[in-house]
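Student: Here it is, the structure in full.
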Amino acid sequence: MTDRILTVRMEAHPTDSHTMARYEATGGYAALRKALAMKPEDIVAEVKASNLRGRGGAGFPTGVKWGFLAPTRPRYLVINADESEPGTFKDRQLLERDPHQLLEGIIISSFAIDAHHAFVFVRGEYPRSARRLQQAVEEARAAGYLGRGILGTGFDLDVTVHLGAGAYICGEETAALNSLEGRRGEPRIKPPFPAVAGLYAKPTIVNNVETIANIPWIVMNGGAAYNAIGPEGSRGTRLLSLSGHVANPGNYEIVMGMSWRDLIFGIGGGIPNGKALKCWIPGGASAPWFTPDLLDTPVTLDDIAKNGSMAGSGAVVVMDETTNVVAAAWSIVRFFSHESCGQCTPCREGTTWLQRILERILAGQGRPSDVDLLLDVCDNISPGLRWPPAQTTICPLGPSAVSPITSIMKHFRDEVVAMIPGAVTAGV
Amino acid sequence: MSDPIKLTVDGREVTAPGGQLLIKAAEEHGTYIPRFCWHPRMKPVGMCRMCLVEVEGPRGKVLVTSCTTPVAEGMVVHTKSDVVKKAQEGVLEFLLVNHPLDCPVCDKGGECPLQDQTLSHGPGESRFVEEKRHFEKPIAISELVMLDRERCILCARCTRFSDEISGDPLIEFIDRGNHTQINTFPDEPFASYFSGNTVQICPVGALTATPYRFRARPWDLEAVESTCPQCSVGCRVSVQASQNQVLRLIGVDVDATNQGWLCDKGRFAFEHLRAPARLSTPLVRGADGELHEAGWGEALDLIASRIGAVIAERGPAAVAGLGGARSTNEEAYAFGKLLRGVLGTGNLDASLGDDPGAALLAGVPHRATIDDLERAKTILVWGPDLKEELPVLHLRVRRAATALGADVVVVHPRATGLDRDAAHVVRYRPGEGAATLQRLAAGEGDLAAVRAALDTGPVVAIVGRTGLAESADLADAVAAFALTLADAKVMPVARRGNVLGAIDMGVHPHLLPGRVAASDAAARAALAAAWGCAVAVPGRDTSGILSGMADGSIAAVLLLGCDPVADHPDRKAAAAAFDKAPFLVSLDLFLNESNRTADVVLPVDTFTEVEGTMTNLEGRVQKSNRIVPGVGASRPVVEILEDLAARLGGSIGAGAAAIAKEIALVAPAYAAVSWEALDWGRGRDGIVVAEGPFTHTPERRATDPSVGALTLHLGRVLYDGGTMITAGPSLARLAPEPAAHLHPDDASRLGFAAGDRVTVTGNAGSAAMAVAIDPTLARGTVYLPFNLGASIGNGLEVKVEK
Amino acid sequence: MTWPDTTLARARDIIARYPEPRSAVMPLLYVAMRHDGRLTDEGMRQVAALTGMTAVQVESVASFYSMYKRHVGSHVVSVCTSISCHLLGGRDVLAAVSDATGVPAGETSADGSVTIESVECIGACGGAPAVQVDYELIEGVTPDKGAELCRWLMTAHPEVVHGDDLQTRFGGRRSFPAGPPDPVGAMGPYPAFGPLGTTGGEA
Ligand SMILES: Cc1cc2nc3c(=O)[nH]c(=O)nc-3n(C[C@H](O)[C@H](O)[C@H](O)COP(=O)(O)O)c2cc1C
Ligand code: SF4
Ligand code: SF4
Ligand code: SF4
Ligand code: FES
Ligand code: FES
């Protein structure tokens, strides 16, 4: 059975997997030819049958999302290549090493949803990715895969590669749309969802790079074949970014369902320097942390959720026993505070406040009341401190800043308290 | 909004229109949800998060912002649950984290929702022990507005207003996240005609208005509702005063007119009320040729004897009255009654030759209301640049275009404030208006699409004088054309605050009070019976009076709040008339170009000092109220006129209230109007008087004169040399320098560049000024703003030379 | 219009890639930075004129994003301190870089040659700690290599930097095999991307 879809070509052809010549020589654009002969709604049906779930973070079923499109025209496809969640670097590999795979997915998806202009929002810090993709677009246009009357059909498509400029929040889909419209990258209130009123208030599909890179394979092999890979709820393969205190950091395309132990100690090669594992973040900086008691639980979307976190963007950040968890949490909270768009009072003020309390604690100037204060400020951003989180904010960024704090309070409260002069360990 | 639905708010079932925002629906049923960013006249942004409530959903209760959530059938809402309270307290605490809490020195202190809500919702003391965010304390972002970024709570009301409502986005959020601040672009101040609204809607004391800063504490203010007299839109205002001094004006939200907004002229012009130059005692010209302070008895005796002498020697036709367009209806009526009844002259006019004509203003059939713009599909604007002359009407048209989907067609010699939002823009050269109208009516050439757009009704046609060099006949012809359109209504517009009211009160040679033709002998007889004295036959209008003054046939003139030398489009003719020095009496606030040569100048009480009514451009009668006394010895106009009438053996009525009742009796169109009705309930929105009985049939009689290579567009700007502007310190400095604007092609043909000094010569003289380049001008046109101190006449022919 | 015709032509090409001119504001801001070496009032006015926005609307957009910089040297050195780099010594690299240049994070050297900044995750966490020079990536940077990199920038004053070259000279472990070298070089404190005209010195 297939266990890799996205990384086969780049591994087999390390020097030219990004070129049109290699792409075509390895079966590229055959899926497009096949798709153009299909009815668009049949392509949507295949994607639905594949049970492909979005790889951007929320894990929403892609075919279902496409089915929500409002009937009006024009429609747009926006590819989210803003990958900025700390720990995540998988989309960069797909963009740099196999841009045609993504592009073929874009053309097929556009045809399926009747979009004639697609945008790829590439984060500004990925100029090489943008260049490789732009080159692919130009090659594809020259080869008749893009432009007017693609491959002799009546289908027209333009692809614009758009470079961001340093704002994580543009990864949030409606912020990306505002940014593409030439506005501040502030998330919009939903509903309306982009499928109803997106770019220029027109029906728009926003999908992640990895999500769309799967489309050519699904069209070639059928939705059922894709749905046969991996456990229920986590079909297909998934590109995980492994980083932090692991011997073999990197991107790994895996079929989900293996245990965390197999991932961190098998694929990841374990913790370097003979250190012990302290904890890990299972799905990007926004996700609550896991501790070694969960090492033998399966790596699937549903199991991670059941255990109180999320698979998110597929970023696994490993921390060894030497890690100062308050400093680690501070790094993440500072990230969210820095990246808050500033619209919502609780996120704008709350994340910064949390950051400053942590800074005080790290400087040895914590106060005994800070432990409760941290949690109460968190509670005012994400009431009840539940999972999945409730929010007093427009988008989930604010509540994301709560995850590291609730994580350290839950698992390492004593370490936090020990850093605060005069605070007494609960001693439970 | 769709059919009514039922929802449950805090356990109580209520009904609301489907789609209405929850925050509004709750409020209408007595549940006030706290808010900062939501404003009922702007799109919700859900940013402050103060209005969080819980709504029951399939997966339990969810916190949502009630300002962004539409009500739906069966919705169950909790606005006071523990979770809601905690969330709201949390938001408040977050807002206060960086707030300086300098309430004791903040203009907003005492009327600040942040301060109030802190008291009623917020936690006691601050748990925030770190250093607060610092910005340079208030910075001037325009001549009128100061910004204190430390107080700003980033609610985006000001930025939304300037983008969405006024369409001049000159203030914006800068930076991101916790560093976000409001600011202007370096060297581009917040120069908007509507900037004061942002001060009004800023929920905290971040934006303050220079004319009001530190002038009073809200709890010291008394307030009264009134009507802005600065232009004929007639915006509702709350006039706020302390210690007998007006300190600020706040827009009142009424659907009919201003929807809460004011223009900065209307908002800040009150400064002229206490200007040092304001007249506070009667002045009488002495033997030395100078004006000297005098007592009321002396001044009025002199007027009575001199006018009595003129009438005795030359008959009442040698007496004339001008003005009333800035007065209340009651004052204008008293003025008309004094002239027509007591003095027996039909020489009276409130319009100064700068409007589309009294017949059209008072008599147009199918008159549109401002609110008709809410339903219009197509709006034709062929008249003044509304932004410059009738600013809040401009906002209403803009709203129709940008938020309600109406197609706006603008016909004007140069770019107007509406062009950016217009579906069609037609340019023409002054002097080619009639031909342009003909081509438009026929849908010729490039005008075919414009003509087609006008076929989609309902149509509202806003018609007035595009400029003062063009004949008023053109407006009449445009109105005639507009009335041929399907489902069309016409709104004839003039600028001065109560011009329609004054005409309606009979300050016009051909109209008696209540839009009755003065030529109708039976109507005159009926009025004579009511007045108990004869009613004069029709006499001269403004230009007739001016020429009568010039040729000596008019020997005595009364001016009521009117300065023809400055305001008449043909300033040279007006000046010549006043040079002849007939016996001249002026009732006014200031000395001006016309009354400098007066024999008697009488100081009058004005807006905020007298009670009365005004009639706006829709024919909507609204109440003006008194909150402060006049200055020094100034007196109400009606009392002055009654004293004068008594000295001349007549009477015009005892006081404005009595006159108001008399108006309802003798002026058919005003029969339904009373002060009582206007002071209470829905009457506070005003009463639109019925059309007729006088009806004007606009005719197509405009013709184009033959003109040379350059024609004059004499347009008006909001801040000009008018006394209301120049008397107050804040607005006076906003008036632009006069300049001769040329299309770049004309400029290069003539060899001029921007900034060159040139001499512009018109039919009444020359003036030196700088050249400005305006690519939006119709070719062959010289645009000169009116009343900025450079006067060359109002003929179409114009020359520009080095 | 103060931009030369070729730049204006490029701006118009960029605007034509979008359904509405306002959408081009972000790419045009890069063009403006390329023209002036940094973000300027004049550049923003130019972008405003091209997109039909007011200048303050352009500034509002520009200031939202961290890569449009008003105060910046010839090269910008961005040291990642987000979680994965934080765990593997990103802050030590930052400290070494500041020491070597005498420039604290967020500031520019007196000679205007480099700006040092601490940035959030740049998508190279598998090769942490990571650094970018003009958004060209170097992974597996040690404090010493970071210091050496800065000294080189400040003495050699390279007009153009090439990512692969930097990686070879100053980097270590990468997040993933990079594939063949990329010939494009970056010229200044903005990303090198062909359609924007911001690339330089192609090898
Ligand atoms: C704060 C925030 C940041 C996000 N960043 C990204 C991102 O960098 N890339 C991405 O694809 N999706 C990101 N998302 C998720 C997107 O909003 C959206 O769900 C996704 O692009 C949809 O694509 P998918 O269905 O293919 O996953 C982010 C969401 C949030 C709330
Ligand atoms: S939660 Fe934070 S990032 Fe999201 S919209 Fe609100 S302020 Fe912006
Ligand atoms: S200045 Fe006032 S209105 Fe504007 S965002 Fe700040 S608080 Fe709101
Ligand atoms: S629009 Fe006219 S009536 Fe309204 S505030 Fe301005 S001047 Fe006054
Ligand atoms: S009032 Fe609803 S979010 Fe501000
Ligand atoms: S955390 Fe440094 S590159 Fe991702």
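Residue numbering restarts at 1 in every chain; chains get A, B, ... in the order shown in the structure tokens, and ligands count up from 1 in that same order.
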Do me a favour and pick out the residues of chain B within 7 Å of chain A, using only C-alpha atoms, as a list in words.
Tutor: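 Every residue meeting the condition is included here: Met47, Cys48, Arg49, Leu63, Ala87, Gly90, Val91, Phe94, Leu95, Arg176, Gly177, Asn178 and Thr180 of chain B.
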Student: Do a neighbour search on A:Lys278 at 8 Å with only C-alpha atoms, toss out local chain neighbours closer than 2 positions, and write the hits as a list in words.
Tutor: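 Surrounding residues, per the criterion: Ala276, Trp280, Thr291, Pro292, Met319, Asp320, Glu321, Thr322 and Thr323 of chain A.
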Student: Which value, in Å to one decimal, gives the distance between atom CA of B:Met614 and atom 3 (S, counted along the ligand's line) of ligand 4?
Tutor: 10.9 Å
Student: List all protein, DNA and RNA residues that have any atom at most 6 Å from ligand 6, counting only C-alpha atoms and all ligand atoms, and write the list as a PyMOL selection string.
Tutor: (chain A and resi 86-87) or (chain C and resi 80-85+121-125+128-130)
Student: Taking the chain letters and numbering used in this document, name the residues of stretch 17-235 of chain A that DSSP puts in alpha helix (DSSP H), as a PyMOL selection string.
Tutor: chain A and resi 20-25+30-36+40-50+62-67+90-97+99-113+127-142+173-180+209-213+215-221+223-227
Student: Create the file for the chosen residues now, containing C-alpha atoms and written as a compact mmCIF listing (two decimals), in the first residue's frame.
Tutor:
```
# COMPACT_ATOMS: atom_id res chain seq x y z
CA MET A 20 8.75 20.99 -15.55
CA ALA A 21 10.88 18.48 -17.42
CA ARG A 22 11.25 16.20 -14.41
CA TYR A 23 7.65 16.69 -13.38
CA GLU A 24 6.33 15.67 -16.77
CA ALA A 25 8.83 12.83 -17.01
CA ALA A 30 -1.48 13.49 -16.36
CA ALA A 31 -3.96 14.07 -13.55
CA LEU A 32 -4.79 17.44 -15.06
CA ARG A 33 -5.51 15.85 -18.44
CA LYS A 34 -7.70 13.33 -16.72
CA ALA A 35 -9.48 15.99 -14.68
CA LEU A 36 -10.18 18.20 -17.67
CA PRO A 40 -16.16 19.37 -12.29
CA GLU A 41 -18.75 17.98 -9.90
CA ASP A 42 -17.25 14.51 -10.32
CA ILE A 43 -13.88 15.83 -9.21
CA VAL A 44 -15.52 17.36 -6.14
CA ALA A 45 -17.15 13.98 -5.50
CA GLU A 46 -13.79 12.21 -5.65
CA VAL A 47 -12.29 14.69 -3.20
CA LYS A 48 -15.25 14.15 -0.90
CA ALA A 49 -14.82 10.39 -1.18
CA SER A 50 -11.14 10.68 -0.36
CA THR A 62 -11.81 19.59 1.85
CA GLY A 63 -14.59 18.17 -0.33
CA VAL A 64 -17.20 19.34 2.12
CA LYS A 65 -15.74 22.85 2.10
CA TRP A 66 -15.86 22.92 -1.69
CA GLY A 67 -19.51 21.93 -1.49
CA LYS A 90 6.52 21.41 5.61
CA ASP A 91 4.87 23.69 3.03
CA ARG A 92 8.24 25.26 2.30
CA GLN A 93 9.59 21.89 1.23
CA LEU A 94 6.59 21.26 -1.01
CA LEU A 95 6.97 24.70 -2.59
CA GLU A 96 10.70 24.59 -3.11
CA ARG A 97 11.09 20.97 -4.14
CA PRO A 99 6.09 23.33 -7.06
CA HIS A 100 4.47 21.68 -10.10
CA GLN A 101 2.75 19.16 -7.87
CA LEU A 102 1.06 22.03 -6.07
CA LEU A 103 0.40 23.89 -9.30
CA GLU A 104 -1.24 20.87 -10.90
CA GLY A 105 -3.39 20.60 -7.79
CA ILE A 106 -4.29 24.28 -8.12
CA ILE A 107 -5.31 23.94 -11.75
CA ILE A 108 -7.42 20.87 -11.08
CA SER A 109 -9.03 22.39 -8.02
CA SER A 110 -9.79 25.62 -9.87
CA PHE A 111 -11.40 23.64 -12.65
CA ALA A 112 -13.41 21.67 -10.10
CA ILE A 113 -14.77 24.77 -8.38
CA PRO A 127 11.23 34.25 -1.30
CA ARG A 128 12.86 31.09 -2.55
CA SER A 129 9.55 29.27 -2.38
CA ALA A 130 7.91 32.11 -4.26
CA ARG A 131 10.63 32.08 -6.90
CA ARG A 132 10.37 28.34 -7.47
CA LEU A 133 6.62 28.57 -7.71
CA GLN A 134 6.75 31.58 -10.01
CA GLN A 135 9.14 29.68 -12.25
CA ALA A 136 6.74 26.74 -12.27
CA VAL A 137 3.87 29.06 -13.17
CA GLU A 138 5.85 30.46 -16.06
CA GLU A 139 6.83 27.00 -17.29
CA ALA A 140 3.24 25.84 -17.02
CA ARG A 141 1.97 28.85 -18.92
CA ALA A 142 4.49 28.19 -21.67
CA GLU A 173 -7.84 32.50 6.00
CA THR A 174 -9.92 35.66 6.20
CA ALA A 175 -6.86 37.68 7.20
CA ALA A 176 -5.17 36.32 4.09
CA LEU A 177 -8.13 37.52 2.05
CA ASN A 178 -7.96 41.01 3.55
CA SER A 179 -4.27 41.05 2.85
CA LEU A 180 -4.84 40.01 -0.75
CA VAL A 209 -0.46 24.00 0.22
CA GLU A 210 -0.23 20.40 1.39
CA THR A 211 -3.97 19.90 1.05
CA ILE A 212 -3.94 20.90 -2.60
CA ALA A 213 -0.72 19.06 -3.35
CA ILE A 215 -5.29 16.62 -5.33
CA PRO A 216 -3.39 15.29 -8.39
CA TRP A 217 -2.88 11.92 -6.67
CA ILE A 218 -6.54 11.75 -5.67
CA VAL A 219 -7.67 12.49 -9.22
CA MET A 220 -5.22 9.98 -10.65
CA ASN A 221 -5.97 7.18 -8.21
CA GLY A 223 -10.90 9.13 -3.82
CA ALA A 224 -11.46 5.58 -2.62
CA ALA A 225 -7.77 4.74 -2.93
CA TYR A 226 -6.86 7.76 -0.85
CA ASN A 227 -9.51 6.87 1.70
```
Student: Give the residues of chain C that lie within 8 Å of chain A; count only C-alpha atoms, and format the answer as a short mmCIF file (atom, residue, chain, number, x, y, z; two decimals) with N, CA and C atoms, in the first residue's frame.
Tutor:
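Wrote it out as iface_19.cif, contents follow:
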```
data_model
loop_
_atom_site.label_atom_id
_atom_site.label_comp_id
_atom_site.auth_asym_id
_atom_site.auth_seq_id
_atom_site.Cartn_x
_atom_site.Cartn_y
_atom_site.Cartn_z
N ARG C 17 -1.90 42.16 -12.41
CA ARG C 17 -2.03 40.77 -11.95
C ARG C 17 -3.21 40.56 -11.02
N TYR C 18 -3.84 41.65 -10.62
CA TYR C 18 -4.91 41.54 -9.62
C TYR C 18 -6.22 42.09 -10.18
N GLU C 20 -8.27 43.98 -8.64
CA GLU C 20 -8.47 45.36 -8.21
C GLU C 20 -7.12 45.98 -7.85
N ARG C 22 -6.10 47.98 -5.62
CA ARG C 22 -5.71 48.03 -4.22
C ARG C 22 -4.96 46.77 -3.80
N SER C 23 -5.30 45.64 -4.44
CA SER C 23 -4.63 44.38 -4.11
C SER C 23 -3.13 44.44 -4.34
N ALA C 24 -2.70 45.37 -5.18
CA ALA C 24 -1.28 45.43 -5.51
C ALA C 24 -0.48 46.22 -4.48
N VAL C 25 -1.13 46.71 -3.44
CA VAL C 25 -0.41 47.59 -2.51
C VAL C 25 0.79 46.88 -1.89
N MET C 26 0.65 45.60 -1.53
CA MET C 26 1.79 44.95 -0.87
C MET C 26 2.98 44.75 -1.81
N PRO C 27 2.78 44.16 -2.98
CA PRO C 27 3.93 44.09 -3.89
C PRO C 27 4.50 45.46 -4.22
N SER C 60 -1.06 52.49 6.79
CA SER C 60 -1.76 51.58 7.69
C SER C 60 -1.48 50.13 7.31
N VAL C 61 -1.50 49.86 6.02
CA VAL C 61 -1.19 48.52 5.54
C VAL C 61 0.29 48.22 5.77
N PHE C 64 1.41 47.43 9.24
CA PHE C 64 0.87 46.19 9.82
C PHE C 64 1.87 45.05 9.67
N TYR C 65 2.64 45.09 8.60
CA TYR C 65 3.54 43.99 8.26
C TYR C 65 4.96 44.34 8.69
N SER C 66 5.68 43.34 9.18
CA SER C 66 6.97 43.68 9.77
C SER C 66 8.09 43.83 8.74
N MET C 67 7.86 43.42 7.49
CA MET C 67 8.96 43.47 6.53
C MET C 67 9.10 44.80 5.79
N TYR C 68 8.10 45.67 5.93
CA TYR C 68 8.25 47.01 5.33
C TYR C 68 8.86 47.90 6.40
N THR C 81 14.03 33.48 17.06
CA THR C 81 14.04 33.11 18.47
C THR C 81 12.75 32.43 18.87
N SER C 82 11.98 31.96 17.88
CA SER C 82 10.75 31.22 18.19
C SER C 82 11.10 29.86 18.78
N ILE C 83 10.07 29.11 19.13
CA ILE C 83 10.24 27.99 20.04
C ILE C 83 11.35 27.00 19.65
N SER C 84 11.39 26.52 18.40
CA SER C 84 12.37 25.49 18.08
C SER C 84 13.79 26.05 18.12
N CYS C 85 13.93 27.29 17.62
CA CYS C 85 15.24 27.93 17.68
C CYS C 85 15.58 28.30 19.11
N HIS C 86 14.57 28.74 19.84
CA HIS C 86 14.75 29.05 21.25
C HIS C 86 15.32 27.84 21.99
N LEU C 87 14.79 26.66 21.70
CA LEU C 87 15.24 25.46 22.39
C LEU C 87 16.68 25.12 22.03
N LEU C 88 17.10 25.50 20.82
CA LEU C 88 18.41 25.09 20.35
C LEU C 88 19.42 26.24 20.29
N GLU C 120 10.32 36.09 14.63
CA GLU C 120 9.58 34.87 14.94
C GLU C 120 9.81 33.88 13.81
N CYS C 121 9.40 32.66 14.06
CA CYS C 121 9.69 31.49 13.21
C CYS C 121 9.75 31.79 11.72
N ILE C 122 10.85 31.39 11.08
CA ILE C 122 11.01 31.61 9.66
C ILE C 122 10.94 30.29 8.89
N GLY C 123 10.31 29.30 9.49
CA GLY C 123 10.04 28.06 8.75
C GLY C 123 11.29 27.25 8.48
N ALA C 124 12.21 27.26 9.41
CA ALA C 124 13.43 26.46 9.24
C ALA C 124 13.73 25.74 10.54
N CYS C 125 12.69 25.40 11.26
CA CYS C 125 12.80 24.87 12.61
C CYS C 125 13.60 23.57 12.66
N GLY C 126 13.54 22.80 11.55
CA GLY C 126 14.30 21.55 11.50
C GLY C 126 15.80 21.82 11.42
N GLY C 127 16.15 23.05 11.04
CA GLY C 127 17.57 23.42 10.95
C GLY C 127 17.91 24.48 11.98
N ALA C 128 17.17 24.46 13.09
CA ALA C 128 17.35 25.49 14.10
C ALA C 128 18.77 25.42 14.69
N TYR C 135 16.28 37.91 3.88
CA TYR C 135 15.30 36.83 3.71
C TYR C 135 15.86 35.62 2.98
N GLU C 136 17.17 35.59 2.75
CA GLU C 136 17.83 34.39 2.26
C GLU C 136 18.23 33.59 3.50
N SER C 175 16.79 21.86 7.37
CA SER C 175 15.50 21.23 7.67
C SER C 175 15.21 20.08 6.74
N PHE C 176 15.64 20.24 5.49
CA PHE C 176 15.44 19.19 4.49
C PHE C 176 16.45 19.43 3.38
N PRO C 177 16.73 18.40 2.60
CA PRO C 177 17.68 18.59 1.50
C PRO C 177 17.16 19.69 0.58
N ALA C 178 18.03 20.63 0.26
CA ALA C 178 17.56 21.84 -0.41
C ALA C 178 17.40 21.67 -1.91
N GLY C 179 17.88 20.58 -2.47
CA GLY C 179 17.82 20.48 -3.92
C GLY C 179 18.91 21.32 -4.53
N PRO C 180 18.78 21.60 -5.83
CA PRO C 180 19.86 22.31 -6.53
C PRO C 180 19.95 23.75 -6.08
N ASP C 182 19.97 27.78 -5.95
CA ASP C 182 19.09 28.77 -6.55
C ASP C 182 19.97 29.94 -6.96
N PRO C 191 12.82 41.01 0.23
CA PRO C 191 12.97 39.69 -0.37
C PRO C 191 13.19 39.77 -1.88
N ALA C 192 13.97 38.84 -2.40
CA ALA C 192 14.27 38.81 -3.83
C ALA C 192 13.22 37.99 -4.57
N PHE C 193 12.44 38.68 -5.39
CA PHE C 193 11.38 37.98 -6.12
C PHE C 193 11.23 38.65 -7.48
N GLY C 194 11.43 37.86 -8.51
CA GLY C 194 11.48 38.37 -9.88
C GLY C 194 10.39 39.36 -10.25
#
```
Student: Please, which residues have at least one atom within 6 Å of an atom of ligand 4, using only C-alpha atoms and all ligand atoms, listed as a list in words?
Tutor: Cys228, Pro229, Gln230, Cys231, Ser232, Val233, Gly234, Cys235, Leu262, Cys263, Lys265, Gly266, Arg267, Leu390, Pro391 and Val392 of chain B
Student: Just C-alpha atoms for this one: save the residues we selected as an mmCIF file, in the first residue's frame.
Tutor:
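Here's the written file out.cif:
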```cif
data_model
loop_
_atom_site.group_PDB
_atom_site.id
_atom_site.type_symbol
_atom_site.label_atom_id
_atom_site.label_comp_id
_atom_site.auth_asym_id
_atom_site.auth_seq_id
_atom_site.Cartn_x
_atom_site.Cartn_y
_atom_site.Cartn_z
ATOM 1 C CA CYS B 228 -28.284 74.134 12.615
ATOM 2 C CA PRO B 229 -28.796 77.381 10.718
ATOM 3 C CA GLN B 230 -25.605 77.251 8.673
ATOM 4 C CA CYS B 231 -27.092 75.729 5.571
ATOM 5 C CA SER B 232 -30.425 74.569 4.299
ATOM 6 C CA VAL B 233 -29.964 70.916 5.261
ATOM 7 C CA GLY B 234 -31.188 71.825 8.732
ATOM 8 C CA CYS B 235 -29.312 69.266 10.800
ATOM 9 C CA LEU B 262 -22.821 67.435 11.373
ATOM 10 C CA CYS B 263 -20.324 69.194 9.184
ATOM 11 C CA LYS B 265 -18.912 74.402 9.768
ATOM 12 C CA GLY B 266 -22.207 73.653 11.455
ATOM 13 C CA ARG B 267 -20.471 72.222 14.482
ATOM 14 C CA LEU B 390 -24.692 71.247 1.810
ATOM 15 C CA PRO B 391 -22.242 68.917 3.502
ATOM 16 C CA VAL B 392 -24.555 66.584 5.322
#
```
Student: Hey, what's within 7 Å of stretch 156-172 of chain C if we count only C-alpha atoms and toss same-chain stuff fewer than 5 positions away? As a PyMOL selection string, please?
Tutor: chain C and resi 136-141+145-146+149+181-182+184-187+200-201
Student: Keeping only C-alpha atoms, write the selected residues as a short mmCIF file (atom, residue, chain, number, x, y, z; two decimals), in the first residue's frame.
Tutor:
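What follows is the written file again-v1.cif:
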```cif
data_model
loop_
_atom_site.label_atom_id
_atom_site.label_comp_id
_atom_site.auth_asym_id
_atom_site.auth_seq_id
_atom_site.Cartn_x
_atom_site.Cartn_y
_atom_site.Cartn_z
CA GLU C 136 17.83 34.39 2.26
CA LEU C 137 17.95 31.49 4.66
CA ILE C 138 20.86 30.06 6.63
CA GLU C 139 20.12 27.05 8.82
CA GLY C 140 22.10 25.44 11.59
CA VAL C 141 23.84 28.66 12.58
CA LYS C 145 29.12 31.48 12.61
CA GLY C 146 26.49 34.12 13.21
CA LEU C 149 28.47 36.27 9.07
CA PRO C 181 21.26 25.78 -5.86
CA ASP C 182 19.09 28.77 -6.55
CA VAL C 184 18.95 34.29 -7.50
CA GLY C 185 20.55 36.77 -5.16
CA ALA C 186 19.03 39.28 -2.80
CA MET C 187 20.04 42.91 -2.99
CA GLY C 200 20.01 40.96 -8.16
CA GLY C 201 23.32 39.56 -9.36
#
```
Student: Quick check, in Å to one decimal: how far apart do atom CA of B:His39 and atom CA of B:Gly11 lie?
Tutor: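 So the answer is 26.2 Å.
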Student: Show me which residues are within 6 Å of ligand 5 counting only C-alpha atoms and all ligand atoms, and format the list as a ChimeraX atom specification.
Tutor: /B:35-38,46-51,65-67
Student: Could you write out as an MDAnalysis selection string the residues of chain B within 8 Å of chain C, counting only C-alpha atoms?
Tutor: chainID B and resid 169:176 184:186
Student: Taking only C-alpha atoms and all ligand atoms into account, which residues have an atom no farther than 10 Å from ligand 3? I'd like them as number ranges by chain.
Tutor: B: 36-37, 48, 146-161, 171-173, 180-183, 197-208
Student: Report, in Å to a single decimal, how far apart atom CA of B:Ala790 and atom CA of B:Arg716 are.
Tutor: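 Straight-line distance from atom CA of B:Arg716 to atom CA of B:Ala790 works out to 12.7 Å.
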